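To be precise, the following lines are model07.cif, and they hold mmCIF, C-alpha atoms.
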```cif
data_work
loop_
_atom_site.group_PDB
_atom_site.id
_atom_site.type_symbol
_atom_site.label_atom_id
_atom_site.label_comp_id
_atom_site.auth_asym_id
_atom_site.auth_seq_id
_atom_site.Cartn_x
_atom_site.Cartn_y
_atom_site.Cartn_z
ATOM 1 C CA MET A 1 5.506 8.576 -9.541
ATOM 2 C CA LYS A 2 2.577 8.382 -7.138
ATOM 3 C CA ALA A 3 3.024 6.374 -3.957
ATOM 4 C CA LEU A 4 0.300 4.570 -2.006
ATOM 5 C CA ARG A 5 0.708 7.049 0.856
ATOM 6 C CA ASP A 6 -0.401 9.850 -1.532
ATOM 7 C CA VAL A 7 -3.757 8.209 -2.342
ATOM 8 C CA ALA A 8 -6.711 9.985 -0.726
ATOM 9 C CA ILE A 9 -9.076 8.266 1.709
ATOM 10 C CA GLY A 10 -11.883 6.500 -0.147
ATOM 11 C CA GLU A 11 -9.946 6.106 -3.395
ATOM 12 C CA THR A 12 -8.862 2.930 -5.133
ATOM 13 C CA ALA A 13 -5.478 2.623 -6.815
ATOM 14 C CA LYS A 14 -3.748 -0.076 -8.848
ATOM 15 C CA VAL A 15 -0.240 -1.192 -7.884
ATOM 16 C CA VAL A 16 2.245 -0.508 -10.690
ATOM 17 C CA LYS A 17 5.570 -1.372 -9.055
ATOM 18 C CA LEU A 18 7.130 -2.267 -5.714
ATOM 19 C CA HIS A 19 10.312 -0.438 -4.773
ATOM 20 C CA GLY A 20 12.665 -1.512 -2.027
ATOM 21 C CA GLU A 21 14.855 -4.573 -1.760
ATOM 22 C CA GLY A 22 15.165 -7.917 -0.049
ATOM 23 C CA ALA A 23 13.192 -8.532 3.123
ATOM 24 C CA VAL A 24 11.173 -5.306 2.875
ATOM 25 C CA LYS A 25 9.918 -6.065 -0.634
ATOM 26 C CA ARG A 26 9.266 -9.701 0.311
ATOM 27 C CA ARG A 27 7.210 -8.648 3.356
ATOM 28 C CA ILE A 28 5.057 -6.325 1.236
ATOM 29 C CA MET A 29 4.477 -9.092 -1.309
ATOM 30 C CA ASP A 30 3.635 -11.577 1.466
ATOM 31 C CA MET A 31 0.866 -9.217 2.585
ATOM 32 C CA GLY A 32 -0.758 -9.655 -0.829
ATOM 33 C CA ILE A 33 0.389 -6.381 -2.346
ATOM 34 C CA THR A 34 1.714 -7.322 -5.764
ATOM 35 C CA LYS A 35 1.863 -5.697 -9.188
ATOM 36 C CA GLY A 36 -1.588 -5.250 -10.723
ATOM 37 C CA VAL A 37 -3.648 -5.630 -7.540
ATOM 38 C CA GLU A 38 -6.257 -3.001 -6.614
ATOM 39 C CA VAL A 39 -5.880 -1.301 -3.235
ATOM 40 C CA PHE A 40 -8.627 0.707 -1.497
ATOM 41 C CA VAL A 41 -7.556 3.274 1.121
ATOM 42 C CA ARG A 42 -10.019 3.004 4.038
ATOM 43 C CA LYS A 43 -8.529 5.474 6.508
ATOM 44 C CA VAL A 44 -5.392 7.104 7.796
ATOM 45 C CA ALA A 45 -4.478 7.459 11.474
ATOM 46 C CA PRO A 46 -4.641 11.009 12.910
ATOM 47 C CA LEU A 47 -0.862 11.466 12.732
ATOM 48 C CA GLY A 48 -0.694 9.839 9.290
ATOM 49 C CA ASP A 49 0.794 6.521 10.365
ATOM 50 C CA PRO A 50 -0.381 3.782 9.780
ATOM 51 C CA VAL A 51 -2.587 3.721 6.684
ATOM 52 C CA GLU A 52 -5.470 1.240 6.659
ATOM 53 C CA ILE A 53 -6.122 -0.348 3.267
ATOM 54 C CA LYS A 54 -8.291 -3.090 1.817
ATOM 55 C CA VAL A 55 -6.519 -5.495 -0.514
ATOM 56 C CA ARG A 56 -7.664 -8.873 -1.884
ATOM 57 C CA GLY A 57 -10.759 -8.841 0.334
ATOM 58 C CA TYR A 58 -9.081 -8.193 3.673
ATOM 59 C CA GLU A 59 -8.096 -5.144 5.681
ATOM 60 C CA LEU A 60 -4.486 -4.329 6.358
ATOM 61 C CA SER A 61 -2.627 -1.606 8.237
ATOM 62 C CA ILE A 62 0.627 -0.580 6.633
ATOM 63 C CA ARG A 63 3.310 1.819 7.812
ATOM 64 C CA LYS A 64 3.759 5.087 5.974
ATOM 65 C CA ALA A 65 7.377 4.161 5.174
ATOM 66 C CA ASP A 66 6.212 0.934 3.503
ATOM 67 C CA ALA A 67 3.381 2.732 1.671
ATOM 68 C CA GLU A 68 6.025 5.041 0.193
ATOM 69 C CA LEU A 69 7.631 2.013 -1.521
ATOM 70 C CA ILE A 70 4.415 1.053 -3.350
ATOM 71 C CA GLU A 71 3.988 2.871 -6.670
ATOM 72 C CA VAL A 72 0.362 3.183 -7.826
ATOM 73 C CA LYS A 73 -1.658 4.760 -10.602
#
```
Target format structure tokens, applied to this file:
Amino acid sequence: MKALRDVAIGETAKVVKLHGEGAVKRRIMDMGITKGVEVFVRKVAPLGDPVEIKVRGYELSIRKADAELIEVK
């Protein structure tokens, strides 16, 4: 399994599965991160948290803990 937090800066990945339950999973889906969507990693903060991504045409900052729940290929 490869998580979104493991994707290198400048790479694009496709979401395979969302892990987590309840409100956490719902929040991730509400941000537009759903199965099959392409995610581009723009940059990572100096200490690694948060990760800035581009998804569905807009930019989004996501916590490292949440990025760990997003399985990509």
(request) I need the residue set behind the PyMOL selection byres ((chain A and resi 38) around 8) for this file; please write it as a list in words. (result) Thr12, Ala13, Lys14, Val15, Gly36, Val37, Val39, Phe40, Val55 and Arg56 of chain A
(request) Have a look at A:Glu71, A:Val41, A:Gly57, A:Gly48 and name the one nearest to Ala8 in chain A; count only C-alpha atoms. (result)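 For Ala8 in chain A, the nearest of the given residues is A:Val41.
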(message) So, with all atoms listed in the file as the atoms that count, which of A:Ala3, A:Ile53, A:Ala65, A:Ile28 lies closest to Val16 in chain A?
(response)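 Going through A:Ala3, A:Ile53, A:Ala65, A:Ile28 one by one, the smallest distance to Val16 in chain A is for A:Ala3.
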(request) Could you tell me which of A:Lys64, A:Lys73, A:Asp6, A:Glu59 comes closest to Gly32 in chain A if we count only C-alpha atoms? (result) A:Glu59
(request) List, as a count of residues only, every residue that the PyMOL selection byres ((chain A and resi 19-26) around 12) selects in the file provided. (result) 26
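For the pair CA of Asp49 in chain A and CA of Ile62 in chain A, the interatomic distance is 8.0 Å.
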(request) May I have the residues within 8 Å of Lys43 in chain A as number ranges by chain, using all atoms listed in the file and disregarding those fewer than 6 positions away in the same chain? (result) A: 9-10, 51-53
As lines of an AutoDock Vina configuration file, please: the centre and edge lengths in Å, to one decimal, of an axis-aligned box enclosing every listed atom of range 30-46 of chain A with 4 Å added on each side.
```
center_x = -3.2
center_y = -0.3
center_z = 1.1
size_x = 21.7
size_y = 30.6
size_z = 31.6
```
With the input short on atoms, add N, CA, C and O atoms back to range 21-45 of chain A and write it as a tab-separated table (two decimals), in the frame of the given file.
```
chain	number	residue	atom	x	y	z
A	21	GLU	N	14.08	-3.37	-1.46
A	21	GLU	CA	14.86	-4.57	-1.76
A	21	GLU	C	14.73	-5.61	-0.66
A	21	GLU	O	14.37	-5.29	0.48
A	22	GLY	N	15.04	-6.83	-1.01
A	22	GLY	CA	15.16	-7.92	-0.05
A	22	GLY	C	13.97	-8.15	0.84
A	22	GLY	O	12.85	-8.30	0.35
A	23	ALA	N	14.21	-8.18	2.14
A	23	ALA	CA	13.19	-8.53	3.12
A	23	ALA	C	12.01	-7.57	3.12
A	23	ALA	O	10.87	-7.99	3.32
A	24	VAL	N	12.26	-6.30	2.88
A	24	VAL	CA	11.17	-5.31	2.88
A	24	VAL	C	10.21	-5.59	1.72
A	24	VAL	O	8.99	-5.65	1.92
A	25	LYS	N	10.74	-5.77	0.54
A	25	LYS	CA	9.92	-6.06	-0.63
A	25	LYS	C	9.19	-7.40	-0.46
A	25	LYS	O	8.01	-7.51	-0.78
A	26	ARG	N	9.87	-8.39	0.08
A	26	ARG	CA	9.27	-9.70	0.31
A	26	ARG	C	8.10	-9.60	1.29
A	26	ARG	O	7.06	-10.22	1.11
A	27	ARG	N	8.27	-8.81	2.35
A	27	ARG	CA	7.21	-8.65	3.36
A	27	ARG	C	5.97	-8.01	2.74
A	27	ARG	O	4.84	-8.43	3.00
A	28	ILE	N	6.18	-6.99	1.90
A	28	ILE	CA	5.06	-6.32	1.24
A	28	ILE	C	4.33	-7.32	0.33
A	28	ILE	O	3.10	-7.38	0.32
A	29	MET	N	5.08	-8.10	-0.42
A	29	MET	CA	4.48	-9.09	-1.31
A	29	MET	C	3.75	-10.18	-0.52
A	29	MET	O	2.68	-10.64	-0.93
A	30	ASP	N	4.29	-10.57	0.62
A	30	ASP	CA	3.64	-11.58	1.47
A	30	ASP	C	2.30	-11.09	2.02
A	30	ASP	O	1.42	-11.90	2.33
A	31	MET	N	2.13	-9.79	2.12
A	31	MET	CA	0.87	-9.22	2.58
A	31	MET	C	-0.19	-9.20	1.48
A	31	MET	O	-1.32	-8.80	1.71
A	32	GLY	N	0.19	-9.60	0.28
A	32	GLY	CA	-0.76	-9.65	-0.83
A	32	GLY	C	-0.69	-8.46	-1.76
A	32	GLY	O	-1.51	-8.33	-2.66
A	33	ILE	N	0.25	-7.57	-1.51
A	33	ILE	CA	0.39	-6.38	-2.35
A	33	ILE	C	1.40	-6.69	-3.44
A	33	ILE	O	2.60	-6.70	-3.21
A	34	THR	N	0.87	-6.98	-4.62
A	34	THR	CA	1.71	-7.32	-5.76
A	34	THR	C	1.31	-6.47	-6.96
A	34	THR	O	0.26	-5.81	-6.94
A	35	LYS	N	2.12	-6.48	-7.99
A	35	LYS	CA	1.86	-5.70	-9.19
A	35	LYS	C	0.51	-6.07	-9.78
A	35	LYS	O	0.18	-7.25	-9.91
A	36	GLY	N	-0.29	-5.05	-10.09
A	36	GLY	CA	-1.59	-5.25	-10.72
A	36	GLY	C	-2.78	-5.35	-9.79
A	36	GLY	O	-3.92	-5.30	-10.23
A	37	VAL	N	-2.54	-5.49	-8.49
A	37	VAL	CA	-3.65	-5.63	-7.54
A	37	VAL	C	-4.25	-4.26	-7.22
A	37	VAL	O	-3.57	-3.24	-7.23
A	38	GLU	N	-5.56	-4.24	-6.98
A	38	GLU	CA	-6.26	-3.00	-6.61
A	38	GLU	C	-6.23	-2.84	-5.10
A	38	GLU	O	-6.46	-3.80	-4.36
A	39	VAL	N	-5.98	-1.62	-4.66
A	39	VAL	CA	-5.88	-1.30	-3.24
A	39	VAL	C	-6.83	-0.15	-2.93
A	39	VAL	O	-6.80	0.88	-3.60
A	40	PHE	N	-7.69	-0.33	-1.92
A	40	PHE	CA	-8.63	0.71	-1.50
A	40	PHE	C	-8.15	1.29	-0.17
A	40	PHE	O	-7.90	0.55	0.78
A	41	VAL	N	-8.01	2.61	-0.10
A	41	VAL	CA	-7.56	3.27	1.12
A	41	VAL	C	-8.78	3.56	1.99
A	41	VAL	O	-9.63	4.37	1.64
A	42	ARG	N	-8.88	2.85	3.13
A	42	ARG	CA	-10.02	3.00	4.04
A	42	ARG	C	-9.87	4.22	4.94
A	42	ARG	O	-10.80	5.01	5.06
A	43	LYS	N	-8.74	4.32	5.63
A	43	LYS	CA	-8.53	5.47	6.51
A	43	LYS	C	-7.06	5.62	6.84
A	43	LYS	O	-6.25	4.72	6.62
A	44	VAL	N	-6.76	6.79	7.39
A	44	VAL	CA	-5.39	7.10	7.80
A	44	VAL	C	-5.45	7.55	9.26
A	44	VAL	O	-6.34	8.30	9.65
A	45	ALA	N	-4.52	7.08	10.06
A	45	ALA	CA	-4.48	7.46	11.47
A	45	ALA	C	-4.30	8.97	11.60
A	45	ALA	O	-3.77	9.62	10.70
```
